[in-house]
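Notes for the one structure printed next.
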Protein chains: 4
Amino acid sequence: MIKERDNNLKINYPHNEIVKTRWSDNDIYGHVNNVIYYSYFDTVINNYLIKHAGFDIEKSAVIGIVVETKCRFKQSVSYPEDIEVGLKISKIGNSSVRYELAVFRAGQDEEAACGYFVHVFVDRVTRKPVRVPDEILSALLPLLGKQ
Amino acid sequence: MIKERDNNLKINYPHNEIVKTRWSDNDIYGHVNNVIYYSYFDTVINNYLIKHAGFDIEKSAVIGIVVETKCRFKQSVSYPEDIEVGLKISKIGNSSVRYELAVFRAGQDEEAACGYFVHVFVDRVTRKPVRVPDEILSALLPLLGKQ
Amino acid sequence: MIKERDNNLKINYPHNEIVKTRWSDNDIYGHVNNVIYYSYFDTVINNYLIKHAGFDIEKSAVIGIVVETKCRFKQSVSYPEDIEVGLKISKIGNSSVRYELAVFRAGQDEEAACGYFVHVFVDRVTRKPVRVPDEILSALLPLLGKQ
Amino acid sequence: MIKERDNNLKINYPHNEIVKTRWSDNDIYGHVNNVIYYSYFDTVINNYLIKHAGFDIEKSAVIGIVVETKCRFKQSVSYPEDIEVGLKISKIGNSSVRYELAVFRAGQDEEAACGYFVHVFVDRVTRKPVRVPDEILSALLPLLGKQ
């Protein structure tokens, strides 16, 4: 049995990317605004698809539409600190993929925040769901977390 | 028994506020970016606290920290359309409040998106959780949805 | 001769639109971040083109590309206050339009901020400059400020 | 005599910083929205002050308030490309500093965009202008561009 605490560690995320915070990420309370975490998630997922799955945001025939997102905020982060975003995948369906993401402060192994993103892949023109393209599937399989 | 579909209707949200979309809300796919919905939610909740609960974002001794948010995106919305955001409350704890929110397109009674926000009220200086202040409690009670 | 002070008054802007500030507009210093003013400007200009010039951001054959913007910040504004944005036009060229904009706090006649935006109209596909379309020209002429 | 074209080169900016674009930086036309450039500028300036001038956005007694900004957009940039932002200083007054900034695409020496930012340094509490603090002055002097 996996204890929840184990899921919170950076080691459980097969892909990591450093995100540079921006001045405007902080809100009036001096911490990165809750909304901005989703922007980090969106960027890290798309970066991965672009670099590893041949995804082209302008031209690919199939695009990922976001149908559900969630985030739990455990510890605040603030500009100007750099953070690391961990990415793994918990589920691949016919046309959908559920990514699990976490934010780590520099030098910390425990999550400061964690959440998920669900993409449904659709035809760019008709916006109808399609099977997850093979090139994307191959790129995502290595991110399937140990269950 | 309440069918889930019933929960999706505007009539189930005791408070509604019109939100004007902005040019920059749309992303490259021509629809309001998933991240922006949370910005709508944040604004509508704080607007309510400011107008109805005497909340002052600069001076109130107690502030609401966001600890968890979620959103499901059912139907896209796009700048320049105006939208309506519905707000109700599903749970009030000792120091926390869970708000349920939904986005409605003009003239539609069914949700285009729905989600929740959980605030934990903390002391502005120590950032330690405190009881939900009475003035906030009184203002929020009318938003408790029919269970 | 027009004194500069006269230019600062709301009465000199033929078009006005109320903009609702958002929680995330404020930065850590408690005021609307300088960046956000340009978002207000962008939105008010596009709103005008959409409502009065038949502009369709998805389909119009000609789109406005921003080539230069400027803003002077005289007095801070802050969420949750509503502001008014004034719009006039100082110059219409073959393919370009220079809009002058100003931010007014509720009940104030003097600018809290002022700036300009220069659009060059281009073909949506080739992105080559084209003459300002007649429908846009007709809609913009009433905004030419008294020189 | 310095030709304007010379000013456009990366070599004329004594400080450079790589900025990673984000998914949400692109607008509906597929390019980084004009508004976002100012966010890059704001971040690069503050990063410099934090790293080289001991500036603390939470605690420093003196803070920089933005009083004027401008940007010219010459060539579009788009997520997911990384860009480089160049920074130099054209003028240091008693309480104000004018920074000149430029955006460079990877591998390009000519500006894709250029602009300026004017900070007035004020007391954090009273918000009254003060002399540019010595520690900031020392850090900024090396950025004074060749005139």
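A note on labels: chains of the structure tokens are A, B, ... as shown, every chain counts residues from 1, and ligands are counted from 1 in their shown order.
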Q: Pick out each residue of range 4-107 of chain C that DSSP on the backbone tags as strand (DSSP E or B); I need them as a ChimeraX atom specification.
A: /C:9,15-20,26,32,62-73,82-92,96-105
Please determine the contact residues of chain C with respect to chain A at a cut-off of 7 Å, counting only C-alpha atoms, and supply them as a compact mmCIF listing (two decimals) with C-alpha atoms, in the first residue's frame.
```txt
# COMPACT_ATOMS: atom_id res chain seq x y z
CA SER C 24 -5.74 39.51 -9.80
CA ASN C 26 -3.70 44.22 -8.03
CA ASP C 27 -0.07 43.44 -7.51
CA ILE C 28 1.84 43.02 -4.28
CA TYR C 29 1.81 46.77 -3.64
CA GLY C 30 -1.99 46.76 -3.51
```
Q | Point-to-point distance from CA of Ile65 in chain C to CA of Val120 in chain C, Å rounded to tenths | A |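 Between these atoms lies a distance of 5.2 Å.
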Where does chain B end up after superposition onto chain A over all in-order Cα pairs? Give it as a compact mmCIF listing (two decimals) with N, CA and C atoms, in the first residue's frame.
```txt
# COMPACT_ATOMS: atom_id res chain seq x y z
N MET B 1 1.20 -1.20 0.13
CA MET B 1 0.31 -0.02 0.13
C MET B 1 1.14 1.26 0.13
N ILE B 2 0.74 2.17 -0.75
CA ILE B 2 1.43 3.46 -0.85
C ILE B 2 0.76 4.46 0.10
N LYS B 3 1.52 5.01 0.99
CA LYS B 3 0.96 6.05 1.85
C LYS B 3 0.82 7.36 1.07
N GLU B 4 -0.20 8.14 1.42
CA GLU B 4 -0.40 9.37 0.65
C GLU B 4 0.84 10.24 0.69
N ARG B 5 1.53 10.23 1.81
CA ARG B 5 2.70 11.08 1.94
C ARG B 5 3.74 10.77 0.86
N ASP B 6 3.83 9.49 0.50
CA ASP B 6 4.79 9.11 -0.52
C ASP B 6 4.47 9.75 -1.87
N ASN B 7 3.18 9.90 -2.14
CA ASN B 7 2.79 10.49 -3.41
C ASN B 7 3.22 11.94 -3.52
N ASN B 8 3.51 12.54 -2.39
CA ASN B 8 3.81 13.96 -2.37
C ASN B 8 5.26 14.26 -2.71
N LEU B 9 6.05 13.24 -2.94
CA LEU B 9 7.48 13.47 -3.12
C LEU B 9 7.85 13.69 -4.58
N LYS B 10 8.86 14.50 -4.78
CA LYS B 10 9.29 14.83 -6.14
C LYS B 10 9.70 13.59 -6.92
N ILE B 11 10.25 12.63 -6.18
CA ILE B 11 10.74 11.42 -6.84
C ILE B 11 9.64 10.66 -7.57
N ASN B 12 8.40 10.92 -7.21
CA ASN B 12 7.29 10.21 -7.86
C ASN B 12 6.84 10.84 -9.17
N TYR B 13 7.44 11.95 -9.54
CA TYR B 13 7.08 12.60 -10.80
C TYR B 13 8.19 12.37 -11.83
N PRO B 14 7.92 11.56 -12.85
CA PRO B 14 8.97 11.20 -13.80
C PRO B 14 9.51 12.38 -14.60
N HIS B 15 8.71 13.44 -14.75
CA HIS B 15 9.17 14.61 -15.50
C HIS B 15 9.13 15.84 -14.61
N ASN B 16 10.16 16.65 -14.69
CA ASN B 16 10.23 17.88 -13.91
C ASN B 16 10.68 19.03 -14.79
N GLU B 17 10.15 20.20 -14.52
CA GLU B 17 10.58 21.37 -15.28
C GLU B 17 10.65 22.58 -14.35
N ILE B 18 11.72 23.34 -14.49
CA ILE B 18 11.83 24.55 -13.68
C ILE B 18 10.98 25.66 -14.29
N VAL B 19 10.20 26.32 -13.48
CA VAL B 19 9.37 27.44 -13.91
C VAL B 19 9.87 28.70 -13.21
N LYS B 20 10.13 29.73 -13.98
CA LYS B 20 10.57 31.00 -13.40
C LYS B 20 9.33 31.82 -13.07
N THR B 21 9.21 32.21 -11.84
CA THR B 21 8.05 33.03 -11.47
C THR B 21 8.25 34.45 -12.03
N ARG B 22 7.13 35.16 -12.12
CA ARG B 22 7.15 36.53 -12.64
C ARG B 22 6.60 37.47 -11.57
N TRP B 23 7.03 38.72 -11.68
CA TRP B 23 6.55 39.76 -10.77
C TRP B 23 5.03 39.71 -10.61
N SER B 24 4.34 39.61 -11.72
CA SER B 24 2.87 39.69 -11.69
C SER B 24 2.21 38.40 -11.18
N ASP B 25 2.99 37.37 -10.90
CA ASP B 25 2.40 36.14 -10.35
C ASP B 25 1.93 36.33 -8.90
N ASN B 26 2.62 37.21 -8.20
CA ASN B 26 2.24 37.47 -6.80
C ASN B 26 0.98 38.31 -6.74
N ASP B 27 0.12 38.00 -5.80
CA ASP B 27 -1.03 38.87 -5.62
C ASP B 27 -0.80 39.79 -4.42
N ILE B 28 -1.83 40.46 -4.01
CA ILE B 28 -1.69 41.48 -2.98
C ILE B 28 -1.20 40.91 -1.64
N TYR B 29 -1.40 39.60 -1.43
CA TYR B 29 -0.94 38.99 -0.18
C TYR B 29 0.53 38.57 -0.24
N GLY B 30 1.19 38.83 -1.37
CA GLY B 30 2.61 38.57 -1.45
C GLY B 30 3.00 37.16 -1.87
N HIS B 31 2.02 36.39 -2.31
CA HIS B 31 2.30 35.01 -2.74
C HIS B 31 1.74 34.80 -4.14
N VAL B 32 2.23 33.77 -4.79
CA VAL B 32 1.71 33.46 -6.12
C VAL B 32 0.20 33.20 -6.00
N ASN B 33 -0.57 33.92 -6.80
CA ASN B 33 -2.02 33.80 -6.79
C ASN B 33 -2.44 32.39 -7.21
N ASN B 34 -3.49 31.89 -6.58
CA ASN B 34 -3.96 30.52 -6.87
C ASN B 34 -4.19 30.28 -8.36
N VAL B 35 -4.64 31.29 -9.05
CA VAL B 35 -4.95 31.15 -10.47
C VAL B 35 -3.71 30.79 -11.29
N ILE B 36 -2.59 31.35 -10.88
CA ILE B 36 -1.35 31.24 -11.66
C ILE B 36 -0.82 29.81 -11.69
N TYR B 37 -1.09 29.03 -10.66
CA TYR B 37 -0.61 27.65 -10.64
C TYR B 37 -1.12 26.89 -11.86
N TYR B 38 -2.36 27.17 -12.23
CA TYR B 38 -2.92 26.49 -13.39
C TYR B 38 -2.21 26.91 -14.68
N SER B 39 -1.72 28.13 -14.68
CA SER B 39 -0.94 28.59 -15.83
C SER B 39 0.40 27.84 -15.90
N TYR B 40 0.99 27.57 -14.74
CA TYR B 40 2.21 26.75 -14.72
C TYR B 40 1.90 25.35 -15.26
N PHE B 41 0.81 24.79 -14.81
CA PHE B 41 0.45 23.42 -15.21
C PHE B 41 0.25 23.35 -16.73
N ASP B 42 -0.54 24.29 -17.24
CA ASP B 42 -0.85 24.36 -18.67
C ASP B 42 0.44 24.43 -19.49
N THR B 43 1.35 25.26 -19.03
CA THR B 43 2.60 25.47 -19.76
C THR B 43 3.48 24.23 -19.72
N VAL B 44 3.59 23.61 -18.56
CA VAL B 44 4.47 22.44 -18.45
C VAL B 44 3.93 21.27 -19.27
N ILE B 45 2.63 21.07 -19.27
CA ILE B 45 2.04 20.01 -20.08
C ILE B 45 2.26 20.27 -21.56
N ASN B 46 1.96 21.48 -21.99
CA ASN B 46 2.14 21.79 -23.41
C ASN B 46 3.62 21.75 -23.82
N ASN B 47 4.49 22.24 -22.95
CA ASN B 47 5.93 22.12 -23.24
C ASN B 47 6.31 20.67 -23.49
N TYR B 48 5.78 19.78 -22.65
CA TYR B 48 6.11 18.36 -22.79
C TYR B 48 5.60 17.81 -24.12
N LEU B 49 4.35 18.14 -24.44
CA LEU B 49 3.77 17.64 -25.70
C LEU B 49 4.53 18.18 -26.92
N ILE B 50 4.95 19.44 -26.82
CA ILE B 50 5.67 20.05 -27.94
C ILE B 50 7.05 19.41 -28.11
N LYS B 51 7.74 19.21 -26.98
CA LYS B 51 9.11 18.70 -27.07
C LYS B 51 9.17 17.20 -27.33
N HIS B 52 8.22 16.46 -26.76
CA HIS B 52 8.34 15.01 -26.80
C HIS B 52 7.31 14.31 -27.67
N ALA B 53 6.24 15.02 -28.04
CA ALA B 53 5.18 14.34 -28.81
C ALA B 53 4.92 15.02 -30.15
N GLY B 54 5.83 15.88 -30.58
CA GLY B 54 5.68 16.51 -31.89
C GLY B 54 4.47 17.43 -32.00
N PHE B 55 3.94 17.86 -30.87
CA PHE B 55 2.74 18.70 -30.90
C PHE B 55 3.07 20.10 -31.40
N ASP B 56 2.25 20.61 -32.30
CA ASP B 56 2.43 21.96 -32.84
C ASP B 56 1.15 22.73 -32.57
N ILE B 57 1.24 23.75 -31.72
CA ILE B 57 0.01 24.42 -31.28
C ILE B 57 -0.69 25.16 -32.41
N GLU B 58 0.03 25.46 -33.47
CA GLU B 58 -0.57 26.16 -34.62
C GLU B 58 -1.11 25.19 -35.66
N LYS B 59 -0.47 24.02 -35.79
CA LYS B 59 -0.76 23.19 -36.97
C LYS B 59 -1.26 21.78 -36.70
N SER B 60 -0.98 21.22 -35.53
CA SER B 60 -1.38 19.83 -35.31
C SER B 60 -2.88 19.65 -35.54
N ALA B 61 -3.23 18.54 -36.19
CA ALA B 61 -4.64 18.28 -36.52
C ALA B 61 -5.46 18.00 -35.27
N VAL B 62 -4.78 17.53 -34.23
CA VAL B 62 -5.45 17.19 -32.98
C VAL B 62 -4.93 18.11 -31.88
N ILE B 63 -5.85 18.67 -31.11
CA ILE B 63 -5.45 19.54 -30.01
C ILE B 63 -6.06 19.05 -28.70
N GLY B 64 -5.43 19.40 -27.59
CA GLY B 64 -5.94 19.00 -26.28
C GLY B 64 -6.79 20.11 -25.68
N ILE B 65 -8.04 19.75 -25.36
CA ILE B 65 -8.95 20.71 -24.72
C ILE B 65 -9.03 20.34 -23.24
N VAL B 66 -8.96 21.33 -22.38
CA VAL B 66 -8.98 21.08 -20.95
C VAL B 66 -10.44 20.94 -20.48
N VAL B 67 -10.76 19.82 -19.86
CA VAL B 67 -12.15 19.62 -19.41
C VAL B 67 -12.29 19.64 -17.89
N GLU B 68 -11.19 19.46 -17.18
CA GLU B 68 -11.28 19.51 -15.71
C GLU B 68 -9.91 19.76 -15.12
N THR B 69 -9.86 20.62 -14.11
CA THR B 69 -8.60 20.86 -13.41
C THR B 69 -8.88 21.02 -11.92
N LYS B 70 -7.87 20.72 -11.14
CA LYS B 70 -7.99 20.86 -9.69
C LYS B 70 -6.62 21.17 -9.11
N CYS B 71 -6.59 21.89 -8.02
CA CYS B 71 -5.32 22.14 -7.34
C CYS B 71 -5.53 22.29 -5.84
N ARG B 72 -4.63 21.68 -5.07
CA ARG B 72 -4.59 21.88 -3.62
C ARG B 72 -3.33 22.66 -3.28
N PHE B 73 -3.51 23.71 -2.49
CA PHE B 73 -2.41 24.61 -2.16
C PHE B 73 -2.00 24.35 -0.71
N LYS B 74 -0.79 23.81 -0.53
CA LYS B 74 -0.37 23.41 0.81
C LYS B 74 0.57 24.40 1.46
N GLN B 75 1.42 24.97 0.64
CA GLN B 75 2.46 25.86 1.14
C GLN B 75 2.61 26.95 0.09
N SER B 76 2.68 28.19 0.52
CA SER B 76 2.73 29.26 -0.49
C SER B 76 4.10 29.33 -1.15
N VAL B 77 4.11 29.80 -2.38
CA VAL B 77 5.35 30.12 -3.08
C VAL B 77 5.21 31.58 -3.53
N SER B 78 6.35 32.21 -3.79
CA SER B 78 6.32 33.65 -4.10
C SER B 78 7.38 34.01 -5.13
N TYR B 79 7.03 34.90 -6.06
CA TYR B 79 8.05 35.55 -6.84
C TYR B 79 8.98 36.22 -5.85
N PRO B 80 10.32 36.21 -6.00
CA PRO B 80 11.09 35.79 -7.16
C PRO B 80 11.61 34.36 -7.11
N GLU B 81 11.09 33.51 -6.27
CA GLU B 81 11.69 32.17 -6.22
C GLU B 81 11.36 31.36 -7.48
N ASP B 82 12.32 30.56 -7.93
CA ASP B 82 12.06 29.61 -9.01
C ASP B 82 11.43 28.37 -8.39
N ILE B 83 10.54 27.75 -9.12
CA ILE B 83 9.91 26.53 -8.63
C ILE B 83 10.13 25.41 -9.63
N GLU B 84 9.82 24.21 -9.19
CA GLU B 84 9.90 23.08 -10.08
C GLU B 84 8.51 22.47 -10.16
N VAL B 85 8.08 22.15 -11.37
CA VAL B 85 6.78 21.52 -11.54
C VAL B 85 6.99 20.06 -11.97
N GLY B 86 6.42 19.15 -11.20
CA GLY B 86 6.50 17.72 -11.53
C GLY B 86 5.27 17.31 -12.32
N LEU B 87 5.48 16.37 -13.24
CA LEU B 87 4.40 15.91 -14.11
C LEU B 87 4.41 14.39 -14.20
N LYS B 88 3.25 13.78 -13.95
CA LYS B 88 3.10 12.37 -14.24
C LYS B 88 1.70 12.16 -14.80
N ILE B 89 1.40 10.97 -15.22
CA ILE B 89 0.09 10.67 -15.79
C ILE B 89 -0.54 9.56 -14.99
N SER B 90 -1.80 9.76 -14.63
CA SER B 90 -2.46 8.72 -13.83
C SER B 90 -3.44 7.90 -14.64
N LYS B 91 -3.86 8.42 -15.80
CA LYS B 91 -4.86 7.68 -16.57
C LYS B 91 -4.85 8.12 -18.03
N ILE B 92 -4.85 7.14 -18.91
CA ILE B 92 -5.00 7.43 -20.34
C ILE B 92 -6.24 6.70 -20.82
N GLY B 93 -7.22 7.44 -21.31
CA GLY B 93 -8.44 6.84 -21.85
C GLY B 93 -8.40 6.83 -23.37
N ASN B 94 -9.53 6.60 -23.99
CA ASN B 94 -9.58 6.60 -25.46
C ASN B 94 -9.17 7.94 -26.04
N SER B 95 -9.78 8.99 -25.51
CA SER B 95 -9.49 10.30 -26.07
C SER B 95 -8.98 11.26 -25.00
N SER B 96 -8.89 10.79 -23.76
CA SER B 96 -8.53 11.70 -22.68
C SER B 96 -7.28 11.25 -21.94
N VAL B 97 -6.63 12.22 -21.32
CA VAL B 97 -5.44 11.95 -20.52
C VAL B 97 -5.57 12.76 -19.23
N ARG B 98 -5.30 12.11 -18.12
CA ARG B 98 -5.28 12.82 -16.85
C ARG B 98 -3.85 12.94 -16.36
N TYR B 99 -3.38 14.18 -16.29
CA TYR B 99 -2.04 14.50 -15.81
C TYR B 99 -2.12 14.86 -14.34
N GLU B 100 -1.15 14.42 -13.57
CA GLU B 100 -1.01 14.84 -12.17
C GLU B 100 0.18 15.78 -12.10
N LEU B 101 0.00 16.88 -11.42
CA LEU B 101 1.08 17.87 -11.37
C LEU B 101 1.34 18.30 -9.94
N ALA B 102 2.55 18.75 -9.70
CA ALA B 102 2.88 19.25 -8.37
C ALA B 102 3.90 20.37 -8.49
N VAL B 103 3.83 21.28 -7.53
CA VAL B 103 4.78 22.39 -7.46
C VAL B 103 5.73 22.13 -6.30
N PHE B 104 7.02 22.25 -6.57
CA PHE B 104 8.03 22.07 -5.54
C PHE B 104 8.86 23.34 -5.40
N ARG B 105 9.10 23.75 -4.16
CA ARG B 105 10.01 24.87 -3.95
C ARG B 105 11.43 24.35 -4.10
N ALA B 106 12.35 25.26 -4.41
CA ALA B 106 13.74 24.87 -4.62
C ALA B 106 14.27 24.10 -3.42
N GLY B 107 14.86 22.96 -3.67
CA GLY B 107 15.49 22.19 -2.61
C GLY B 107 14.53 21.41 -1.74
N GLN B 108 13.24 21.43 -2.07
CA GLN B 108 12.27 20.67 -1.26
C GLN B 108 11.78 19.46 -2.04
N ASP B 109 11.60 18.37 -1.32
CA ASP B 109 11.11 17.15 -1.95
C ASP B 109 9.61 16.97 -1.79
N GLU B 110 9.01 17.70 -0.86
CA GLU B 110 7.57 17.59 -0.65
C GLU B 110 6.83 18.67 -1.43
N GLU B 111 5.68 18.30 -1.91
CA GLU B 111 4.87 19.22 -2.71
C GLU B 111 4.44 20.47 -1.94
N ALA B 112 4.53 21.61 -2.60
CA ALA B 112 3.92 22.84 -2.06
C ALA B 112 2.48 22.93 -2.55
N ALA B 113 2.22 22.31 -3.70
CA ALA B 113 0.87 22.26 -4.25
C ALA B 113 0.79 21.05 -5.17
N CYS B 114 -0.41 20.54 -5.33
CA CYS B 114 -0.58 19.42 -6.26
C CYS B 114 -1.96 19.51 -6.89
N GLY B 115 -2.08 18.94 -8.07
CA GLY B 115 -3.36 19.02 -8.74
C GLY B 115 -3.38 18.12 -9.96
N TYR B 116 -4.44 18.26 -10.73
CA TYR B 116 -4.49 17.49 -11.98
C TYR B 116 -5.12 18.31 -13.09
N PHE B 117 -4.91 17.85 -14.28
CA PHE B 117 -5.42 18.44 -15.52
C PHE B 117 -5.96 17.30 -16.35
N VAL B 118 -7.13 17.44 -16.92
CA VAL B 118 -7.63 16.42 -17.85
C VAL B 118 -7.78 17.04 -19.24
N HIS B 119 -7.05 16.48 -20.17
CA HIS B 119 -7.15 16.86 -21.58
C HIS B 119 -8.07 15.89 -22.30
N VAL B 120 -8.94 16.40 -23.14
CA VAL B 120 -9.60 15.57 -24.13
C VAL B 120 -9.05 15.99 -25.48
N PHE B 121 -8.55 15.02 -26.23
CA PHE B 121 -8.00 15.36 -27.54
C PHE B 121 -9.13 15.42 -28.56
N VAL B 122 -9.14 16.52 -29.32
CA VAL B 122 -10.21 16.74 -30.30
C VAL B 122 -9.60 17.14 -31.64
N ASP B 123 -10.38 16.96 -32.66
CA ASP B 123 -10.00 17.44 -33.99
C ASP B 123 -10.00 18.97 -33.95
N ARG B 124 -8.92 19.58 -34.48
CA ARG B 124 -8.80 21.03 -34.38
C ARG B 124 -9.98 21.76 -35.02
N VAL B 125 -10.49 21.23 -36.11
CA VAL B 125 -11.55 21.93 -36.83
C VAL B 125 -12.93 21.61 -36.28
N THR B 126 -13.26 20.33 -36.16
CA THR B 126 -14.61 19.96 -35.74
C THR B 126 -14.79 20.04 -34.23
N ARG B 127 -13.66 20.01 -33.50
CA ARG B 127 -13.67 19.99 -32.04
C ARG B 127 -14.39 18.75 -31.48
N LYS B 128 -14.44 17.67 -32.29
CA LYS B 128 -15.00 16.40 -31.81
C LYS B 128 -13.87 15.55 -31.23
N PRO B 129 -14.13 14.80 -30.16
CA PRO B 129 -13.10 13.94 -29.55
C PRO B 129 -12.57 12.92 -30.54
N VAL B 130 -11.28 12.67 -30.45
CA VAL B 130 -10.63 11.65 -31.29
C VAL B 130 -9.76 10.79 -30.38
N ARG B 131 -9.32 9.64 -30.89
CA ARG B 131 -8.39 8.81 -30.11
C ARG B 131 -7.10 9.60 -29.84
N VAL B 132 -6.51 9.34 -28.69
CA VAL B 132 -5.21 9.97 -28.42
C VAL B 132 -4.25 9.54 -29.53
N PRO B 133 -3.68 10.50 -30.26
CA PRO B 133 -2.78 10.14 -31.38
C PRO B 133 -1.60 9.30 -30.88
N ASP B 134 -1.15 8.38 -31.74
CA ASP B 134 -0.07 7.46 -31.37
C ASP B 134 1.19 8.18 -30.92
N GLU B 135 1.53 9.26 -31.61
CA GLU B 135 2.76 9.98 -31.27
C GLU B 135 2.67 10.57 -29.86
N ILE B 136 1.48 11.02 -29.51
CA ILE B 136 1.28 11.55 -28.16
C ILE B 136 1.28 10.42 -27.15
N LEU B 137 0.60 9.33 -27.50
CA LEU B 137 0.54 8.16 -26.62
C LEU B 137 1.94 7.66 -26.27
N SER B 138 2.77 7.53 -27.26
CA SER B 138 4.14 7.02 -27.02
C SER B 138 4.91 7.95 -26.10
N ALA B 139 4.69 9.23 -26.27
CA ALA B 139 5.43 10.19 -25.46
C ALA B 139 4.92 10.22 -24.02
N LEU B 140 3.63 9.90 -23.86
CA LEU B 140 3.05 10.01 -22.52
C LEU B 140 3.24 8.75 -21.68
N LEU B 141 3.38 7.60 -22.34
CA LEU B 141 3.48 6.34 -21.59
C LEU B 141 4.56 6.35 -20.51
N PRO B 142 5.75 6.91 -20.81
CA PRO B 142 6.79 6.92 -19.77
C PRO B 142 6.41 7.76 -18.54
N LEU B 143 5.36 8.54 -18.64
CA LEU B 143 4.96 9.37 -17.50
C LEU B 143 3.90 8.71 -16.63
N LEU B 144 3.48 7.53 -17.03
CA LEU B 144 2.49 6.83 -16.21
C LEU B 144 3.12 6.51 -14.86
N GLY B 145 2.58 7.08 -13.81
CA GLY B 145 3.14 6.89 -12.48
C GLY B 145 2.99 5.45 -12.03
N LYS B 146 3.87 5.10 -11.11
CA LYS B 146 3.71 3.77 -10.51
C LYS B 146 2.41 3.78 -9.72
N GLN B 147 1.54 2.83 -10.00
CA GLN B 147 0.22 2.84 -9.33
C GLN B 147 0.29 2.12 -7.99
```
Q. Per DSSP on the backbone, what are the alpha helix (DSSP H) residues of chain A, as number ranges by chain?
A. A: 4-7, 34-52, 134-140
Residues from last step as file, C-alpha atoms, as a short mmCIF file (atom, residue, chain, number, x, y, z; two decimals), in the first residue's frame:
```
data_model
loop_
_atom_site.label_atom_id
_atom_site.label_comp_id
_atom_site.auth_asym_id
_atom_site.auth_seq_id
_atom_site.Cartn_x
_atom_site.Cartn_y
_atom_site.Cartn_z
CA GLU A 4 -0.46 9.39 0.60
CA ARG A 5 2.67 11.05 1.93
CA ASP A 6 4.76 9.08 -0.55
CA ASN A 7 2.79 10.51 -3.44
CA ASN A 34 -3.95 30.52 -6.86
CA VAL A 35 -4.95 31.15 -10.47
CA ILE A 36 -1.34 31.23 -11.66
CA TYR A 37 -0.60 27.65 -10.63
CA TYR A 38 -2.91 26.49 -13.39
CA SER A 39 -0.93 28.59 -15.82
CA TYR A 40 2.23 26.76 -14.71
CA PHE A 41 0.45 23.42 -15.21
CA ASP A 42 -0.84 24.36 -18.65
CA THR A 43 2.60 25.48 -19.76
CA VAL A 44 4.48 22.44 -18.44
CA ILE A 45 2.05 20.01 -20.07
CA ASN A 46 2.15 21.79 -23.41
CA ASN A 47 5.93 22.14 -23.25
CA TYR A 48 6.12 18.37 -22.79
CA LEU A 49 3.77 17.65 -25.69
CA ILE A 50 5.67 20.07 -27.93
CA LYS A 51 9.12 18.71 -27.08
CA HIS A 52 8.35 15.02 -26.79
CA ASP A 134 -0.07 7.47 -31.38
CA GLU A 135 2.75 9.98 -31.28
CA ILE A 136 1.29 11.56 -28.16
CA LEU A 137 0.55 8.16 -26.63
CA SER A 138 4.15 7.05 -27.03
CA ALA A 139 5.43 10.21 -25.46
CA LEU A 140 3.06 10.01 -22.52
#
```
